[in-house]
$ cat final_17.cif   # mmCIF, C-alpha atoms
data_work
loop_
_atom_site.label_atom_id
_atom_site.label_comp_id
_atom_site.auth_asym_id
_atom_site.auth_seq_id
_atom_site.Cartn_x
_atom_site.Cartn_y
_atom_site.Cartn_z
CA MET A 3 14.01 -4.88 -10.99
CA GLY A 4 12.71 -7.77 -8.99
CA THR A 5 9.31 -9.41 -9.33
CA VAL A 6 6.28 -7.34 -8.30
CA ARG A 7 2.80 -8.80 -8.56
CA VAL A 8 -0.66 -7.82 -7.31
CA GLN A 9 -3.15 -10.62 -7.79
CA ALA A 10 -6.24 -12.35 -6.43
CA GLU A 11 -4.83 -15.86 -6.77
CA ASN A 12 -2.53 -17.58 -4.30
CA PHE A 13 1.26 -17.69 -4.65
CA ASP A 14 3.88 -20.40 -4.21
CA SER A 15 6.56 -19.05 -1.88
CA ALA A 16 8.93 -21.96 -2.50
CA ALA A 17 8.69 -21.52 -6.29
CA GLU A 18 9.38 -17.78 -5.99
CA ALA A 19 12.42 -18.45 -3.80
CA ARG A 20 13.76 -21.04 -6.26
CA ARG A 21 13.30 -18.58 -9.11
CA LEU A 22 15.35 -15.90 -7.34
CA VAL A 23 18.39 -18.15 -6.97
CA ALA A 24 18.05 -20.22 -10.18
CA GLY A 25 21.39 -20.39 -11.98
CA ARG A 26 23.14 -18.32 -9.30
CA THR A 27 25.95 -19.67 -7.13
CA ASP A 28 26.94 -16.39 -5.45
CA LEU A 29 23.84 -15.99 -3.30
CA GLY A 30 24.26 -17.46 0.18
CA ALA A 31 20.98 -16.42 1.81
CA VAL A 32 17.28 -16.51 1.01
CA VAL A 33 14.65 -15.02 3.33
CA SER A 34 10.94 -15.62 2.74
CA PHE A 35 8.20 -13.80 4.63
CA VAL A 36 4.54 -14.75 4.26
CA GLY A 37 1.82 -12.65 5.90
CA LEU A 38 -1.33 -14.62 6.80
CA CYS A 39 -4.88 -13.65 7.69
CA ARG A 40 -5.22 -13.93 11.50
CA ASP A 41 -8.49 -14.86 13.27
CA GLU A 42 -8.13 -12.39 16.18
CA ALA A 43 -9.00 -14.96 18.86
CA GLY A 44 -11.84 -16.43 16.80
CA ARG A 45 -13.74 -13.16 16.27
CA LEU A 46 -12.67 -12.65 12.67
CA ALA A 47 -14.31 -14.70 9.90
CA ALA A 48 -12.56 -13.01 6.96
CA LEU A 49 -10.53 -10.04 5.82
CA GLU A 50 -11.51 -8.17 2.67
CA ILE A 51 -8.70 -6.34 0.95
CA GLU A 52 -9.29 -3.52 -1.52
CA HIS A 53 -6.49 -2.05 -3.63
CA TYR A 54 -5.77 0.73 -6.12
CA PRO A 55 -5.08 -1.12 -9.38
CA GLY A 56 -2.04 0.27 -11.14
CA MET A 57 -0.78 2.31 -8.21
CA ALA A 58 -0.39 -0.76 -5.98
CA GLU A 59 2.07 -2.33 -8.45
CA ALA A 60 3.80 1.03 -9.06
CA GLU A 61 4.27 1.76 -5.34
CA ILE A 62 5.62 -1.70 -4.53
CA ALA A 63 8.02 -1.30 -7.47
CA ARG A 64 9.20 2.05 -6.06
CA VAL A 65 9.78 0.42 -2.66
CA MET A 66 11.69 -2.42 -4.32
CA ALA A 67 13.86 0.03 -6.27
CA GLU A 68 14.77 1.69 -2.96
CA ALA A 69 15.72 -1.68 -1.44
CA GLU A 70 17.80 -2.59 -4.49
CA ALA A 71 19.59 0.76 -4.32
CA ARG A 72 20.28 0.29 -0.61
CA TRP A 73 21.57 -3.29 -0.90
CA PRO A 74 23.11 -3.56 -4.38
CA GLY A 75 23.08 -7.07 -5.75
CA ILE A 76 20.11 -8.36 -3.77
CA ARG A 77 17.30 -10.10 -5.60
CA ALA A 78 13.72 -9.68 -4.46
CA ALA A 79 10.13 -10.65 -5.16
CA ALA A 80 7.00 -9.14 -3.63
CA ILE A 81 3.46 -10.41 -4.22
CA HIS A 82 0.37 -8.89 -2.58
CA ARG A 83 -3.07 -10.43 -2.95
CA TYR A 84 -6.48 -8.74 -2.87
CA GLY A 85 -9.98 -10.12 -2.32
CA ARG A 86 -11.48 -12.05 0.58
CA PHE A 87 -9.31 -14.08 2.95
CA ALA A 88 -10.25 -16.67 5.56
CA PRO A 89 -8.05 -17.02 8.67
CA GLY A 90 -4.86 -18.88 7.80
CA GLU A 91 -4.83 -17.85 4.16
CA PRO A 92 -1.69 -16.16 2.79
CA ILE A 93 -1.99 -12.47 1.86
CA VAL A 94 1.49 -11.17 1.14
CA LEU A 95 4.87 -12.63 0.16
CA VAL A 96 8.29 -11.03 0.27
CA VAL A 97 11.35 -13.06 -0.75
CA THR A 98 14.88 -11.70 -0.79
CA ALA A 99 18.16 -13.31 -1.79
CA ALA A 100 21.61 -11.92 -1.07
CA ALA A 101 25.22 -13.00 -0.67
CA HIS A 102 24.86 -12.89 3.15
CA ARG A 103 21.94 -13.28 5.55
CA GLY A 104 22.22 -9.79 7.06
CA GLU A 105 21.27 -8.09 3.81
CA ALA A 106 18.57 -10.63 3.02
CA PHE A 107 16.88 -10.22 6.43
CA ALA A 108 17.19 -6.43 6.39
CA ALA A 109 15.90 -6.06 2.83
CA ALA A 110 12.91 -8.32 3.56
CA GLU A 111 12.08 -6.33 6.67
CA MET A 112 12.37 -2.98 4.88
CA LEU A 113 10.21 -4.21 2.00
CA MET A 114 7.48 -5.36 4.40
CA ASP A 115 7.64 -2.22 6.57
CA TYR A 116 7.37 0.11 3.55
CA LEU A 117 4.81 -2.08 1.83
CA LYS A 118 2.49 -1.85 4.86
CA THR A 119 2.64 1.93 5.08
CA ARG A 120 2.92 2.92 1.40
CA ALA A 121 1.29 0.33 -0.87
CA PRO A 122 -2.37 1.30 -1.49
CA PHE A 123 -4.27 -1.60 0.11
CA TRP A 124 -7.05 -1.38 2.69
CA LYS A 125 -8.38 -4.14 4.95
CA ARG A 126 -11.90 -4.51 6.23
CA VAL A 127 -13.02 -7.05 8.83
CA ARG A 128 -15.85 -9.53 8.46
CA TYR A 129 -16.81 -10.90 11.89
CA ALA A 130 -17.62 -14.48 12.81
CA ASP A 131 -21.15 -13.48 13.88
CA GLY A 132 -21.84 -12.39 10.27
CA SER A 133 -21.60 -8.66 10.86
CA GLN A 134 -19.52 -6.45 8.62
CA GLY A 135 -16.87 -4.73 10.67
CA ASP A 136 -15.00 -1.53 10.09
CA TRP A 137 -12.06 -0.74 7.91
CA LEU A 138 -8.89 -1.39 9.88
CA GLU A 139 -7.11 1.69 11.12
CA ALA A 140 -3.48 2.25 10.28
CA LYS A 141 -1.26 1.54 13.28
CA ALA A 142 1.23 4.09 14.54
CA HIS A 143 3.78 1.36 15.25
CA ASP A 144 3.79 0.43 11.55
CA ASP A 145 4.77 4.03 10.74
CA HIS A 146 7.54 3.84 13.35
CA SER A 147 8.77 0.54 11.89
CA ALA A 148 8.86 2.04 8.40
CA ALA A 149 10.55 5.24 9.56
CA ARG A 150 13.61 3.23 10.65
CA TRP A 151 14.49 2.83 6.97
CA ASP A 152 13.97 6.44 5.91
CA PRO A 153 17.07 8.18 4.58
CA ALA A 154 18.73 10.40 7.18
CA PRO A 155 17.67 14.05 6.73
CA THR A 156 20.20 16.11 4.80
CA GLN A 157 22.36 18.19 7.13
CA SER A 158 22.08 21.92 6.50
CA ARG A 159 25.33 23.79 6.69
CA MET B 22 -9.46 15.16 -14.41
CA LYS B 23 -10.52 11.75 -13.23
CA ALA B 24 -11.00 11.28 -9.48
CA VAL B 25 -10.89 7.86 -7.82
CA TYR B 26 -11.84 7.01 -4.24
CA PHE B 27 -11.03 3.99 -2.09
CA ALA B 28 -12.14 2.23 1.11
CA TRP B 29 -14.27 4.40 3.44
CA VAL B 30 -13.66 7.52 1.34
CA ARG B 31 -15.34 5.70 -1.57
CA GLU B 32 -18.20 4.49 0.65
CA ARG B 33 -18.88 7.91 2.18
CA ILE B 34 -18.87 9.67 -1.20
CA GLY B 35 -20.98 6.87 -2.65
CA LYS B 36 -19.01 6.33 -5.85
CA SER B 37 -15.64 4.91 -6.82
CA GLU B 38 -14.76 7.37 -9.57
CA GLU B 39 -15.96 10.45 -11.44
CA GLU B 40 -14.83 13.22 -13.76
CA LEU B 41 -14.02 16.52 -12.02
CA ASP B 42 -13.71 19.95 -13.59
CA PRO B 43 -12.62 22.25 -10.78
CA PRO B 44 -12.30 26.00 -11.41
CA ALA B 45 -8.84 27.38 -12.16
CA GLU B 46 -8.40 28.84 -8.66
CA VAL B 47 -8.39 25.30 -7.21
CA ALA B 48 -4.64 24.77 -7.51
CA THR B 49 -3.63 22.18 -4.91
CA VAL B 50 -4.82 18.84 -3.58
CA GLY B 51 -5.86 20.55 -0.35
CA GLU B 52 -7.90 23.15 -2.24
CA LEU B 53 -9.51 20.38 -4.27
CA ILE B 54 -10.59 18.71 -0.99
CA VAL B 55 -12.19 21.98 0.19
CA TRP B 56 -13.94 22.36 -3.18
CA LEU B 57 -15.19 18.75 -3.12
CA THR B 58 -16.49 19.14 0.44
CA LYS B 59 -19.03 21.67 -0.86
CA ARG B 60 -20.50 19.17 -3.33
CA GLY B 61 -22.66 17.39 -0.77
CA GLU B 62 -23.04 15.57 2.52
CA GLY B 63 -21.17 12.46 1.42
CA TYR B 64 -18.14 14.51 0.42
CA ALA B 65 -18.29 16.54 3.62
CA TYR B 66 -18.41 13.29 5.65
CA ALA B 67 -15.55 11.72 3.67
CA PHE B 68 -13.32 14.76 4.14
CA GLU B 69 -14.45 15.80 7.65
CA LYS B 70 -10.95 15.08 8.98
CA ALA B 71 -9.05 16.28 5.91
CA SER B 72 -5.66 15.88 7.60
CA VAL B 73 -5.96 12.08 7.71
CA ILE B 74 -6.87 11.77 4.01
CA ARG B 75 -4.07 10.52 1.74
CA ALA B 76 -3.86 11.63 -1.87
CA ALA B 77 -2.13 10.49 -5.04
CA LEU B 78 -1.65 12.25 -8.37
CA ASP B 79 -1.21 9.98 -11.38
CA ARG B 80 -0.63 7.04 -9.02
CA SER B 81 2.12 8.57 -6.84
CA HIS B 82 1.64 9.65 -3.23
CA VAL B 83 1.54 13.43 -2.77
CA LYS B 84 1.05 15.87 0.11
CA HIS B 85 -1.92 18.21 0.25
CA ASP B 86 0.14 21.16 -0.97
CA ALA B 87 0.91 19.41 -4.29
CA LYS B 88 -0.24 21.26 -7.41
CA ILE B 89 -2.95 19.46 -9.36
CA VAL B 90 -2.19 21.17 -12.67
CA ASP B 91 -1.50 18.64 -15.46
CA ALA B 92 -2.57 15.65 -13.33
CA ARG B 93 -4.83 13.25 -15.22
CA GLU B 94 -5.92 11.24 -12.17
CA VAL B 95 -6.32 12.24 -8.54
CA ALA B 96 -7.02 9.66 -5.83
CA PHE B 97 -8.25 10.05 -2.25
CA PHE B 98 -8.09 7.28 0.33
CA PRO B 99 -7.51 6.53 4.04
CA PRO B 100 -4.06 5.61 5.41
CA MET B 101 -2.97 2.27 3.96
CA THR B 102 -3.49 -0.99 5.88
CA GLY B 103 -2.00 -3.61 3.57
CA GLY B 104 0.69 -6.17 4.27
#
$ encode --input "final_17.cif" --output "structure tokens"
Amino acid sequence: MGTVRVQAENFDSAAEARRLVAGRTDLGAVVSFVGLCRDEAGRLAALEIEHYPGMAEAEIARVMAEAEARWPGIRAAAIHRYGRFAPGEPIVLVVTAAAHRGEAFAAAEMLMDYLKTRAPFWKRVRYADGSQGDWLEAKAHDDHSAARWDPAPTQSR
Amino acid sequence: MKAVYFAWVRERIGKSEEELDPPAEVATVGELIVWLTKRGEGYAYAFEKASVIRAALDRSHVKHDAKIVDAREVAFFPPMTGG
């Protein structure tokens, strides 16, 4: 099983990528994705992220097990932070390594798509004018993105 | 069983966790939501659109028809917005 971490502190994406390929000469591709806090055209002062301790790690691990079953031999790391984030600060990291780039890109995309829709994290907005905004609503297009990776339904005979 | 609440479900109920002792006829997650709704205004507000509420039993996602028997921890929360 790859690395799964849920933490308040920042991460080092380059160090995680180096760790995935350390001592390996058969891996030809590394893909790193970092999700950052966005300022929404200057309106957003911060994002606050709440999580379900214990389940967050468990759910990301389940998603990673699915990716590893789908692309045997890949290596992966996923780190999700919680707490308060100013615009520009990193929130989530997914790194994948594989023999070829196709698998590495696909596995990274699947991990992110599933992580967004299944890992128990919730974002709330803090506005630049000092007001506390609402909890963000889940986006339908995130569900559609994640559904691309769902196993095909079993054919009934 | 222990119940835990997150995000606006937690805020509407006014607490993050509590011990629940539902009667035996409350068999599923959906029935537990109906039973909780009768406990007060905060619960009724949190569960006013029950179909959007996500649930987990012992830290795994479940649907509302899941049986709660033997579960040690039930969680209720809005759709996830991480990533």
$ resolve_selection --input "final_17.cif" --expression "the PyMOL selection byres ((chain A) within 9 of (chain B))" --output "ChimeraX atom specification"
/A:37,51-54,56-58,60-61,82,93-95,114-115,117-126,136-141
$ resolve_selection --input "final_17.cif" --expression "the PyMOL selection byres ((chain B and resi 84-93) around 6)" --output "PyMOL selection string"
chain B and resi 22+48-51+83+94
$ resolve_selection --input "final_17.cif" --expression "the PyMOL selection byres ((chain A and resi 7) around 9)" --output "list of chain:residue names"
A:Thr5, A:Val6, A:Val8, A:Gln9, A:Glu59, A:Ile62, A:Ala79, A:Ala80, A:Ile81, A:His82, A:Arg83
$ closest_residue --input "final_17.cif" --among "B:Ala65, B:Ala24, B:Ala71, B:Val95" --to "Glu40 (chain B)" --atoms "only C-alpha atoms"
B:Ala24
$ atom_distance --input "final_17.cif" --atom1 "CA of Glu105 (chain A)" --atom2 "CA of Pro74 (chain A)"
9.5 Å
$ residues_around --input "final_17.cif" --residues "Ser133 (chain A)" --least-positions-apart "2" --cutoff "12 Å" --atoms "all atoms listed in the file" --output "list in words"
Arg45, Leu46, Ala47, Ala48, Arg126, Val127, Arg128, Tyr129, Ala130, Asp131, Gly135 and Asp136 of chain A
$ axis_aligned_box --input "final_17.cif" --around "region 117-129 of chain A" --padding-each-side "6 Å" --output "lines of an AutoDock Vina configuration file"
center_x = -6.0
center_y = -4.0
center_z = 5.2
size_x = 33.6
size_y = 25.8
size_z = 25.4
